[in-house]
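This report concerns only the one structure given below.
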Amino acid sequence: MRRVAVIVLVLVLLGGTAAAFTVTEALKLERSPLTAPRFAEVLSPTCACRTQVARLSFQLRQPDRIDVVIVSDEDPVRTLAHDLDRSRGRVRLKWDGRDDAGAFVPDGVYRLRVSLQKADRTIMFPHEIRVDTEAPTLDVVRVKPAAFSPDGDGRRDTVAIALRTNEAGQALVFLNGQLAAEAPLGAESDGVLTWDGSVEGRPVREGVYTLFARLRDLAGNLSPAARISVQIRYVEVVPHVIVARRETSLRFRVLSDVRRVSWRLRKGGTEVLADARARPGSIAVLLPRRIRAGRYILEVVANGHRERAVVRIVKRSG
């Protein structure tokens with residue numbers, strides 16, 4: 001009899017285990033009353049940008065009365081809905097990053113908990129909502145070349161700005177308050193942004209410019225502005241006023257990235273030296289013997305861009 005009792009007990013335990021297993025598996029196969037969640041992954045409630053508010057939504061399979069709460073480590077932080085009667089369909093909510101007292105919550109990770117009164121179930125969505133209000137950092141590593149010429153000849157048409165940041169985001173470069181260039185940057189690595197010398201499709205004139213670079217992180221926070229100095233230069237003559245003596249050489253320097261420049265020396269409508277060509281750099285040419293003292297104009301052309309300098313020819317001393 002004792003042996004029979006033991007056998008019966010074992011059979012009862014096995015039957016109970018099987019029943020529990022069957023119930024567990026049935027629960028696993030039961031469809032969730034909530035589906036198709038769409039959650040903002042990150043927000044910065046203080047950024048005054050599109051990520052200032054988190055948009056959260058999910059699909060309700062059946063009509064129910066729901067409570068929706070933002071939680072942190074299971075602790076309730078903000079009640080978004082209470083005793084809300086909803087028909088089946090999509091439920092859309094917003095969270096501005098504040099708690100029930102109206103204060104901004106600390107930076108961290110939060111989740112959404114939904115209680116269904118009719119279904120008698122509480123579901124915690126696994127999706128994380130990260131609150132981030134800390135501004136990223138952005139440093140200028142190098143700017144190369146310091147002077148460039150966006151003339152389309154394939155030689156120094158753009159300037160490359162190497163930037164370094166502590167988190168991923170979008171690098172933005174502004175000129176006079178207008179967006180000049182942008183590019184995505186990864187975290188903890190150098191990224192390169194290029195500028196073609198235009199703003200909103202319009203080319204900028206020759207000159208020295210100060211650009212300001214900022215990083216907008218995934219939460220919408222902006223880094224402090226980093227200053228960048230660049231020069232757009234097609235052709236430049238140095239010095240701008242040249243003094244040369246009669247019966248000597250005219251000497252000047254041309255700064256340009258073209259292969260060759262053309263130049264001429266004239267006085268009024270009369271050309272003294274015409275259609276001369278040379279490589280950029282230091283140029284020296286013997287002045288005509290009969291040239292008179294006075295004021296002349298030196299004009300240098302590089303890929304259609306012109307630069308002028310004043311040449312003063314003076315009498316040779318002694």
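To be explicit about the labels: the chains of the structure tokens are called A, B, and onward in the order shown, and within each one the residues are counted from 1, while ligands get numbers from 1 in the order they are shown.
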Q) Hey, what's within 7 Å of Val114 in chain A if we count only C-alpha atoms and toss same-chain stuff fewer than 5 positions away? As a list in words, please? A)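 Listed by chain and then number, they are Ile66, Asp67, Val68, Val69, Thr122, Ile123 and Met124 of chain A.
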Would you export the selected residues with N, CA, C and O atoms as a PDB file, in the first residue's frame, please?
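Final output, out.pdb:
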ATOM      1  N   ILE A  66      -7.751  52.566 -19.328  1.00  0.00           N
ATOM      2  CA  ILE A  66      -6.303  52.409 -19.123  1.00  0.00           C
ATOM      3  C   ILE A  66      -5.733  53.507 -18.235  1.00  0.00           C
ATOM      4  O   ILE A  66      -6.261  54.621 -18.166  1.00  0.00           O
ATOM      5  N   ASP A  67      -4.656  53.133 -17.569  1.00  0.00           N
ATOM      6  CA  ASP A  67      -3.776  54.065 -16.872  1.00  0.00           C
ATOM      7  C   ASP A  67      -2.418  53.985 -17.546  1.00  0.00           C
ATOM      8  O   ASP A  67      -1.909  52.880 -17.787  1.00  0.00           O
ATOM      9  N   VAL A  68      -1.820  55.122 -17.856  1.00  0.00           N
ATOM     10  CA  VAL A  68      -0.510  55.149 -18.510  1.00  0.00           C
ATOM     11  C   VAL A  68       0.435  55.983 -17.651  1.00  0.00           C
ATOM     12  O   VAL A  68       0.138  57.144 -17.343  1.00  0.00           O
ATOM     13  N   VAL A  69       1.571  55.383 -17.277  1.00  0.00           N
ATOM     14  CA  VAL A  69       2.491  56.029 -16.342  1.00  0.00           C
ATOM     15  C   VAL A  69       3.923  55.913 -16.859  1.00  0.00           C
ATOM     16  O   VAL A  69       4.331  54.854 -17.346  1.00  0.00           O
ATOM     17  N   THR A 122      -1.254  44.491 -16.449  1.00  0.00           N
ATOM     18  CA  THR A 122      -0.324  45.622 -16.465  1.00  0.00           C
ATOM     19  C   THR A 122       0.871  45.237 -17.328  1.00  0.00           C
ATOM     20  O   THR A 122       1.477  44.180 -17.109  1.00  0.00           O
ATOM     21  N   ILE A 123       1.188  46.070 -18.275  1.00  0.00           N
ATOM     22  CA  ILE A 123       2.261  45.772 -19.229  1.00  0.00           C
ATOM     23  C   ILE A 123       3.290  46.886 -19.177  1.00  0.00           C
ATOM     24  O   ILE A 123       2.947  48.076 -19.265  1.00  0.00           O
ATOM     25  N   MET A 124       4.546  46.472 -19.043  1.00  0.00           N
ATOM     26  CA  MET A 124       5.669  47.414 -19.085  1.00  0.00           C
ATOM     27  C   MET A 124       6.347  47.278 -20.442  1.00  0.00           C
ATOM     28  O   MET A 124       6.838  46.210 -20.803  1.00  0.00           O
TER      29      MET A 124
END
**Q.** strand (DSSP E or B) residues, from DSSP on the backbone, in range 26-210 of chain A, as JSON, numbers by chain
**A.** {"A": [34, 35, 36, 37, 38, 39, 42, 43, 54, 55, 56, 57, 58, 59, 60, 64, 65, 66, 67, 68, 69, 70, 71, 72, 75, 76, 77, 78, 79, 80, 81, 82, 83, 84, 85, 86, 89, 90, 91, 92, 93, 94, 95, 98, 104, 108, 109, 110, 111, 112, 113, 114, 115, 116, 121, 122, 123, 124, 129, 130, 131, 138, 139, 140, 141, 142, 143, 144, 147, 148, 159, 160, 161, 162, 163, 164, 165, 169, 170, 171, 172, 173, 174, 175, 178, 179, 180, 181, 182, 183, 184, 185, 190, 191, 192, 193, 194, 195, 198, 199, 202, 203, 207, 208, 209, 210]}
**Q.** Point-to-point distance in Å for CA of Cys47 in chain A and CA of Ala135 in chain A
**A.**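 Pair CA of Ala135 in chain A / CA of Cys47 in chain A returns 9.4 Å.
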Q | Residue contacts of Gly201 in chain A (12 Å, only C-alpha atoms) excluding same-chain residues fewer than 3 positions away, as a list in words | A |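 Residues near the query, excluding close chain neighbours: Gln178, Leu179, Ala180, Ala181, Trp195, Asp196, Gly197, Ser198 and Val204 of chain A.
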I need the residues from that last selection saved to file as a PDB file, in the first residue's frame (with C-alpha atoms), if you can.
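selection-v4.pdb written:
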ATOM      1  CA  GLN A 178      23.044  81.152 -41.981  1.00  0.00           C
ATOM      2  CA  LEU A 179      23.661  77.417 -42.310  1.00  0.00           C
ATOM      3  CA  ALA A 180      26.623  76.892 -44.644  1.00  0.00           C
ATOM      4  CA  ALA A 181      27.296  73.150 -44.250  1.00  0.00           C
ATOM      5  CA  TRP A 195      32.496  73.601 -47.146  1.00  0.00           C
ATOM      6  CA  ASP A 196      32.302  74.595 -50.798  1.00  0.00           C
ATOM      7  CA  GLY A 197      32.299  78.341 -50.211  1.00  0.00           C
ATOM      8  CA  SER A 198      28.559  78.825 -50.683  1.00  0.00           C
ATOM      9  CA  VAL A 204      30.546  83.746 -51.243  1.00  0.00           C
TER      10      VAL A 204
END
Q: Find the residues around range 207-217 of chain A up to 9 Å (only C-alpha atoms counted), leave out those fewer than 6 positions away in its own chain, and share them as a ChimeraX atom specification.
A: /A:135-140,147,163,165,167-177,180,185,223-233
Could the residues of range 157-260 of chain A that have an atom at most 10 Å from range 289-293 of chain A be listed as a tab-separated table, each with its closest atom pair and the distance in Å to one decimal, counting only C-alpha atoms and ordered by chain and ascending residue number?
residue	atom	partner	partner_atom	distance
A:Ala244	CA	A:Ala293	CA	9.3
A:Arg245	CA	A:Ala293	CA	8.1
A:Arg246	CA	A:Ile291	CA	6.9
A:Glu247	CA	A:Arg289	CA	5.6
A:Thr248	CA	A:Arg289	CA	8.6
**Q.** Spatial neighbours of Val42 in chain A, max dist 6 Å, only C-alpha atoms, sep filter under 2 positions, as a VMD selection string
**A.** chain A and resid 40 129 to 131 219
